[in-house]
Amino acid sequence: MPSRSCSNLLDLAESSSDYTDPTRLHSPRLPRVMTLSNVLSDDSLESPPSSPSLTRRIIVSHRLPLRVSPPVPPSRLPSFSLDPDSISILLLSGLPEKAPVLHVGTFPLFVSPDLQEEIAELLLSRFNCVPVFVPPETHSLFYHSFCKRHLWPLLHSQLPLAVSGSGPTPFPTNLWRAYVSANKLFADKVLEITNPEDDLVWIHDYHLMALPTFLRRRSPRIKLGFFLHSPFPSSEIFKTLPSREDLLRALLNADLVGFHTFDYARHFLSCCSRLLGLDYASKRGHLAIEYYGRTVTVKILPTGIHVGRLHSNAESSETKSKVSELVDRYYGKIVLLGIDDMDVLKGIGLKFLAMERLLEDHPSLRDKVVFVQIANPARSQGTDIQHVQDQTHSLATRINARFGYEAIVLIDGPVPTLEKAAYYAVAECCVVNCIRDGLNLVPYKYTACRQWSPALESKPKKSVIVVSEFIGCSPSLSGAIRVNPWNVDDVAEALNLAITMPESEKQLRHDKHYKYVSSHDIAYWARSFDQDLQRACKDHYLKRCWGIGFGLSFKVVALGPNFRKLSVEHISSAYRRTSSRLILLDYDGTMMPQTSISKTPSDEVISVLNSLCADPKNVVFVVSGRGKDSLSKWFASCDKLGISAEHGYFTRWSKDSPWESCMMPSDFDWKKIAEPVMKLYTETTDGSYIEHKESALVWHHQDADPDFGSCQAKELLDHLENVLAKEPVVVKRGQHIVEVNPQGISKGVVVENLISTMLSRGKPPDFVLCIGDDRSDEDMFESITSSVKNTSWPAISEVFACTVGKKPSKAKYYLDDTVDVIKMLQGLVTASTQPPRSSSFQVSFEGLL
């Protein structure tokens, strides 16, 4: 699939503090007013703010970090307090101490419109929180219906079941509209309080995946980070979502996108490749996607825990009292622990079945092992949640009755935080058996609480974790026993291993986990993300921006400050006043659209080339990577047209001129080495093929699977470089190709040779126009720049290097597409037949911009 990052562009006018430290609550600054959306003028290319430590952070999440209680008469207002367990509060420990912070989000209580302003002022002054008031009906459709019933299961790789013809669609459009509407309300609130030129905005989780587009649309240079706290599914799963492209484009409107694991990031990158035709690269250890001139950085780092807070919990008198109670209650027994939300994906029932199998296979453990399962309240609603709850209780009751003792202790939450810390402290093993989960911090919390457990005072620290291989924390827990939760026998055997493991091994595993948990805490995560967000935004003030597209297809094109569209008005005067012109034109993607099945030039192309060649002041060349036979056939009616084929290996100055090689006849024995290697990759890569040129071999993979084709191209590149290391060739990778050329062959060399030949003939060029669209044409642009600076050659007074499409380029100008290229050339033909206008009436189009 060809990249679409530069197609169909619509021009717009250019124009170490504690987690509850109250000192982090600062009065917000007034935002600057953005009077025009999607428009950014050159005078906004100003210096970035001075000190990152004083830059305000805007933390945006679905819920505000508050605990809310209904109003108690005679008060009309609810009561509020900070939620110390909220991730939005815990991450403050990783941000610069003096940095002001604002929190934006909703809270789970309906507020009548007449009280909203009063509550907003209260929350801002006391908690530095800015509420988003989403109408109850919209919020229900947005959160409970779309987020929890559709988007959340899909992100966890759960596809919707087939729907009967009379039933609703799997993804009702009214739910998607509610999701978009809620994200729009969040955007309105963020932009009310944000200074886009200074503030850093950090968006959290899947509820707000569309938010970056709304923010970027109204503030093209906003500094925007997004972290997804859930998994990201494979492209096969994500492609089932009807709004898939909209959500991908929205994430790409952020400057930094964060994921817990490489698997999640890899799936995201694969979706960008398969659905949007975008490639990614690694730059100094960071994964990045080039998106319309912007670099979107992809970060991989799991969230941590607040170690200091857990230490305080473990040391509290309430926790110690509860620990003493639990030690007495379970004296002489081995306690296994699970703490999960009551949810379909947490695998609680599978854990119970594994416990049953353990007691079946090891009768000696009966009456000795107890599995304590704390079930937190479900975060969503629906019959499936009730079904899981009923099934879980039924399983626990049946297993306890079968073995004649309370083998499974099922505790329905909510359970206070300090009480959970006590259970962590007394458990010999923690079991996290989710069939799919984003990260899951339970093993981290368990490890920390075991480190400071009152039950282990003056004893060696030890712990064992049995963890599902399908959750985000699994890769970071190198000492855990990893299991497939669907394999009940496997989980049962893992439980037995955890129970019978030597004490010394338990200590080693615990030490390994605690070292990781303590060094990769939430402060480390927040600090790392914050620093990477600043780094990702550092070039915002070095580029000019265009807002393009409509609705959720909106994106920003960011280009160099001197990069501008080439117009006939701008070039025609230079064209008329010069007398020795060199015009260099690429073919595919420049005069012929890449998507065209037939590559034969149109009558319009032939006509404009002949018109340009008819002017004796012009030397016109088509410079292409295609073979000379194809180009000769296509341009047989262009008698005076020069052609440089196979990236300049063959050149002729006109139809009647002989083909000349740019170098001495080469030994092509290297093809006998390269071709078998390419054939091997062709056989194993469906959709790929080999193109044979006289001077080169090209392996094409544009029709192959995007991910596999790209992977094979990288491998082929390395393979060919190794086997051809001693041959006089260069192996290069282009757009969907891997090409082997003789050394010293490039379009840049073509430019040098043509200019040198014109000099030797006594007609040095004083005007050069070069138009191309791909990587090979960048060599031409670079060569033209070098030629201008060559002091041994006469100065070229007028140089126009132009790329096709708005994208990063060594060219100074751009044209939108092949249609614009032909219009430009036609304009030059017309300009040569018209007398020059008086300079007093000439208007600079660029000046108007």
# chains A, B, ... in the order shown; residues from 1 in each chain; ligands from 1
>>> residues_around(residues="range 580-595 of chain A", least_positions_apart="3", cutoff="8 Å", atoms="only C-alpha atoms", output="PyMOL selection string")
chain A and resi 575+599+601+605+617-624+763-774+777+804+817-819+821-822
>>> closest_residue(among="A:Glu356, A:Asp199, A:Glu727, A:Glu469", to="Val488 in chain A", atoms="only C-alpha atoms")
A:Glu356
>>> atom_distance(atom1="CA of Tyr280 in chain A", atom2="CA of Lys538 in chain A")
19.8 Å
>>> select_by_dssp(residues="range 355-547 of chain A", states="helix (DSSP H, G or I)", output="PyMOL selection string")
chain A and resi 355-361+363-365+383-403+417-426+442-451+454-456+474-476+488-500+503-519+522-536+540-542
>>> write_last_selection(atoms="C-alpha atoms", output="compact mmCIF listing (two decimals), in the first residue's frame")
# COMPACT_ATOMS: atom_id res chain seq x y z
CA MET A 355 -7.32 -24.31 42.72
CA GLU A 356 -9.77 -27.20 42.46
CA ARG A 357 -7.37 -29.12 40.22
CA LEU A 358 -4.51 -28.44 42.65
CA LEU A 359 -6.44 -29.99 45.53
CA GLU A 360 -7.47 -32.92 43.31
CA ASP A 361 -3.91 -33.70 42.29
CA PRO A 363 -4.59 -34.27 48.46
CA SER A 364 -1.90 -33.46 51.04
CA LEU A 365 -2.55 -29.77 50.47
CA THR A 383 -25.80 -8.86 32.08
CA ASP A 384 -22.34 -10.28 31.36
CA ILE A 385 -21.01 -8.76 34.59
CA GLN A 386 -23.88 -10.25 36.58
CA HIS A 387 -23.26 -13.60 34.89
CA VAL A 388 -19.58 -13.56 35.87
CA GLN A 389 -20.46 -12.63 39.44
CA ASP A 390 -23.03 -15.44 39.73
CA GLN A 391 -20.64 -17.95 38.16
CA THR A 392 -17.79 -16.94 40.47
CA HIS A 393 -19.88 -17.36 43.63
CA SER A 394 -21.28 -20.64 42.35
CA LEU A 395 -17.80 -22.03 41.69
CA ALA A 396 -16.51 -20.99 45.11
CA THR A 397 -19.50 -22.58 46.86
CA ARG A 398 -19.18 -25.83 44.91
CA ILE A 399 -15.44 -26.22 45.45
CA ASN A 400 -15.67 -25.47 49.19
CA ALA A 401 -18.48 -28.01 49.57
CA ARG A 402 -16.51 -30.63 47.64
CA PHE A 403 -13.41 -30.45 49.83
CA THR A 417 -6.70 0.10 50.70
CA LEU A 418 -5.09 -0.57 54.07
CA GLU A 419 -6.94 -3.88 54.40
CA LYS A 420 -5.70 -4.92 50.94
CA ALA A 421 -2.16 -4.08 52.06
CA ALA A 422 -2.62 -6.50 54.97
CA TYR A 423 -3.73 -9.30 52.66
CA TYR A 424 -0.71 -8.62 50.44
CA ALA A 425 1.53 -8.87 53.48
CA VAL A 426 0.34 -12.29 54.65
CA VAL A 442 -1.38 -5.96 41.59
CA PRO A 443 1.95 -7.90 41.36
CA TYR A 444 3.90 -4.66 41.89
CA LYS A 445 1.85 -3.74 44.95
CA TYR A 446 2.16 -7.25 46.30
CA THR A 447 5.96 -7.16 45.96
CA ALA A 448 6.24 -3.81 47.72
CA CYS A 449 3.96 -4.82 50.59
CA ARG A 450 5.86 -8.08 51.10
CA GLN A 451 9.08 -6.06 51.34
CA PRO A 454 4.94 -6.70 59.48
CA ALA A 455 4.49 -10.47 59.19
CA LEU A 456 8.04 -10.76 57.83
CA SER A 474 4.31 -9.99 32.60
CA PRO A 475 7.45 -8.97 30.61
CA SER A 476 8.79 -6.87 33.50
CA VAL A 488 -6.10 -25.06 34.05
CA ASP A 489 -3.62 -27.91 34.53
CA ASP A 490 -0.73 -25.54 33.82
CA VAL A 491 -1.99 -22.99 36.36
CA ALA A 492 -2.56 -25.70 38.97
CA GLU A 493 0.99 -26.96 38.52
CA ALA A 494 2.27 -23.35 38.81
CA LEU A 495 0.40 -23.00 42.13
CA ASN A 496 2.00 -26.19 43.37
CA LEU A 497 5.43 -24.95 42.28
CA ALA A 498 4.86 -21.69 44.12
CA ILE A 499 3.92 -23.55 47.30
CA THR A 500 6.75 -26.09 47.23
CA GLU A 503 12.74 -20.59 50.45
CA SER A 504 16.02 -19.41 48.96
CA GLU A 505 14.50 -19.32 45.50
CA LYS A 506 11.50 -17.36 46.77
CA GLN A 507 13.92 -14.80 48.19
CA LEU A 508 15.84 -14.52 44.93
CA ARG A 509 12.65 -14.02 42.94
CA HIS A 510 11.39 -11.44 45.41
CA ASP A 511 14.65 -9.48 45.35
CA LYS A 512 14.62 -9.38 41.57
CA HIS A 513 11.04 -8.08 41.50
CA TYR A 514 11.54 -5.52 44.25
CA LYS A 515 14.61 -4.12 42.51
CA TYR A 516 12.54 -3.49 39.41
CA VAL A 517 9.44 -2.20 41.20
CA SER A 518 11.39 0.25 43.35
CA SER A 519 13.45 1.63 40.47
CA ILE A 522 5.31 5.85 38.97
CA ALA A 523 7.63 8.83 39.48
CA TYR A 524 10.11 7.28 37.07
CA TRP A 525 7.34 6.66 34.54
CA ALA A 526 5.90 10.17 34.79
CA ARG A 527 9.30 11.85 34.67
CA SER A 528 10.33 9.82 31.63
CA PHE A 529 7.11 10.55 29.76
CA ASP A 530 7.28 14.23 30.64
CA GLN A 531 10.86 14.54 29.41
CA ASP A 532 10.10 12.68 26.18
CA LEU A 533 7.07 14.90 25.56
CA GLN A 534 9.25 18.00 25.86
CA ARG A 535 11.77 16.44 23.49
CA ALA A 536 9.06 15.50 20.99
CA HIS A 540 7.33 23.09 17.08
CA TYR A 541 8.66 26.59 16.63
CA LEU A 542 10.92 25.71 13.72
>>> select_by_dssp(residues="range 292-358 of chain A", states="strand (DSSP E or B)", output="short mmCIF file (atom, residue, chain, number, x, y, z; two decimals) with all heavy atoms, in the first residue's frame")
data_model
loop_
_atom_site.label_atom_id
_atom_site.label_comp_id
_atom_site.auth_asym_id
_atom_site.auth_seq_id
_atom_site.Cartn_x
_atom_site.Cartn_y
_atom_site.Cartn_z
N ARG A 294 5.33 15.99 10.47
CA ARG A 294 5.48 15.93 11.92
C ARG A 294 6.06 14.57 12.30
O ARG A 294 5.77 13.56 11.67
CB ARG A 294 4.13 16.12 12.63
CG ARG A 294 3.51 17.46 12.44
CD ARG A 294 2.11 17.52 13.07
NE ARG A 294 2.11 17.00 14.41
CZ ARG A 294 1.53 15.84 14.78
NH1 ARG A 294 0.91 15.09 13.88
NH2 ARG A 294 1.58 15.44 16.02
N THR A 295 6.86 14.56 13.35
CA THR A 295 7.39 13.31 13.87
C THR A 295 6.60 12.92 15.11
O THR A 295 6.61 13.64 16.11
CB THR A 295 8.88 13.43 14.22
OG1 THR A 295 9.62 13.77 13.05
CG2 THR A 295 9.41 12.12 14.79
N VAL A 296 5.89 11.81 15.04
CA VAL A 296 5.12 11.30 16.18
C VAL A 296 5.96 10.23 16.85
O VAL A 296 6.25 9.18 16.27
CB VAL A 296 3.77 10.73 15.72
CG1 VAL A 296 2.96 10.25 16.92
CG2 VAL A 296 2.99 11.77 14.94
N THR A 297 6.37 10.48 18.08
CA THR A 297 7.22 9.55 18.82
C THR A 297 6.37 8.52 19.55
O THR A 297 5.31 8.85 20.10
CB THR A 297 8.09 10.31 19.84
OG1 THR A 297 8.85 11.31 19.15
CG2 THR A 297 9.06 9.37 20.55
N VAL A 298 6.80 7.28 19.53
CA VAL A 298 6.10 6.19 20.22
C VAL A 298 6.96 5.74 21.40
O VAL A 298 8.12 5.37 21.22
CB VAL A 298 5.84 5.01 19.26
CG1 VAL A 298 5.19 3.85 20.02
CG2 VAL A 298 4.95 5.46 18.11
N LYS A 299 6.38 5.79 22.59
CA LYS A 299 7.11 5.47 23.82
C LYS A 299 6.59 4.17 24.41
O LYS A 299 5.38 3.92 24.42
CB LYS A 299 6.96 6.60 24.84
CG LYS A 299 7.75 6.37 26.13
CD LYS A 299 7.69 7.56 27.04
CE LYS A 299 8.52 7.34 28.29
NZ LYS A 299 9.95 7.12 27.99
N ILE A 300 7.51 3.38 24.94
CA ILE A 300 7.15 2.10 25.57
C ILE A 300 7.69 2.10 26.99
O ILE A 300 8.91 2.06 27.20
CB ILE A 300 7.73 0.92 24.78
CG1 ILE A 300 7.25 0.94 23.33
CG2 ILE A 300 7.35 -0.41 25.45
CD1 ILE A 300 7.99 0.01 22.42
N ILE A 334 -1.34 -21.97 54.16
CA ILE A 334 -0.64 -21.23 53.10
C ILE A 334 -1.68 -20.39 52.36
O ILE A 334 -2.66 -20.92 51.84
CB ILE A 334 0.06 -22.19 52.13
CG1 ILE A 334 1.09 -23.04 52.88
CG2 ILE A 334 0.72 -21.42 50.98
CD1 ILE A 334 1.66 -24.17 52.04
N VAL A 335 -1.48 -19.08 52.33
CA VAL A 335 -2.46 -18.16 51.74
C VAL A 335 -2.02 -17.78 50.32
O VAL A 335 -0.92 -17.25 50.11
CB VAL A 335 -2.63 -16.89 52.59
CG1 VAL A 335 -3.60 -15.93 51.91
CG2 VAL A 335 -3.10 -17.25 53.99
N LEU A 336 -2.88 -18.10 49.37
CA LEU A 336 -2.73 -17.61 48.00
C LEU A 336 -3.71 -16.46 47.83
O LEU A 336 -4.83 -16.52 48.32
CB LEU A 336 -3.02 -18.71 46.98
CG LEU A 336 -2.32 -20.06 47.20
CD1 LEU A 336 -2.72 -21.04 46.10
CD2 LEU A 336 -0.81 -19.89 47.23
N LEU A 337 -3.31 -15.43 47.07
CA LEU A 337 -4.11 -14.22 47.00
C LEU A 337 -4.37 -13.79 45.56
O LEU A 337 -3.48 -13.84 44.71
CB LEU A 337 -3.40 -13.07 47.73
CG LEU A 337 -4.09 -11.69 47.71
CD1 LEU A 337 -5.41 -11.72 48.48
CD2 LEU A 337 -3.17 -10.61 48.26
N GLY A 338 -5.60 -13.37 45.33
CA GLY A 338 -5.96 -12.73 44.06
C GLY A 338 -6.78 -11.49 44.35
O GLY A 338 -7.68 -11.53 45.19
N ILE A 339 -6.47 -10.40 43.67
CA ILE A 339 -7.24 -9.17 43.79
C ILE A 339 -7.55 -8.69 42.38
O ILE A 339 -6.65 -8.35 41.62
CB ILE A 339 -6.47 -8.08 44.58
CG1 ILE A 339 -6.17 -8.56 45.99
CG2 ILE A 339 -7.27 -6.78 44.60
CD1 ILE A 339 -5.44 -7.53 46.85
N ASP A 340 -8.82 -8.70 42.03
CA ASP A 340 -9.23 -8.35 40.67
C ASP A 340 -10.57 -7.63 40.70
O ASP A 340 -11.36 -7.78 41.64
CB ASP A 340 -9.39 -9.61 39.81
CG ASP A 340 -8.15 -10.46 39.74
OD1 ASP A 340 -7.28 -10.16 38.92
OD2 ASP A 340 -8.05 -11.42 40.55
N ASP A 341 -10.82 -6.87 39.61
CA ASP A 341 -12.16 -6.35 39.39
C ASP A 341 -13.06 -7.51 39.00
O ASP A 341 -12.61 -8.49 38.39
CB ASP A 341 -12.16 -5.30 38.28
CG ASP A 341 -11.37 -4.06 38.64
OD1 ASP A 341 -11.12 -3.85 39.84
OD2 ASP A 341 -11.01 -3.30 37.72
#
>>> closest_residue(among="A:Ala645, A:Leu54, A:Ile411, A:Val372", to="Pro96 in chain A", atoms="only C-alpha atoms")
A:Leu54
>>> closest_residue(among="A:Phe635, A:Phe668, A:Tyr206, A:Phe563", to="Lys812 in chain A", atoms="only C-alpha atoms")
A:Phe563
>>> residues_around(residues="Trp202 in chain A", least_positions_apart="5", cutoff="8 Å", atoms="only C-alpha atoms", output="ChimeraX atom specification")
/A:57-60,224-227
>>> residues_around(residues="Cys129 in chain A", least_positions_apart="2", cutoff="12 Å", atoms="only C-alpha atoms", output="PyMOL selection string")
chain A and resi 24-28+58-61+63-66+80-82+88-89+100-107+119-127+131-132+189-190+193
>>> atom_distance(atom1="CA of Cys430 in chain A", atom2="CA of Leu345 in chain A")
17.5 Å
>>> closest_residue(among="A:Val723, A:Ala801, A:Leu301, A:Met501", to="Asp521 in chain A", atoms="only C-alpha atoms")
A:Leu301
>>> atom_distance(atom1="CA of Asp703 in chain A", atom2="CA of Thr685 in chain A")
9.8 Å
>>> residues_around(residues="range 740-750 of chain A", least_positions_apart="5", cutoff="9 Å", atoms="only C-alpha atoms", output="PyMOL selection string")
chain A and resi 623-625+644+646-649+651+662-663+666+668+671+674+695-699+720+727-733+755+776-784
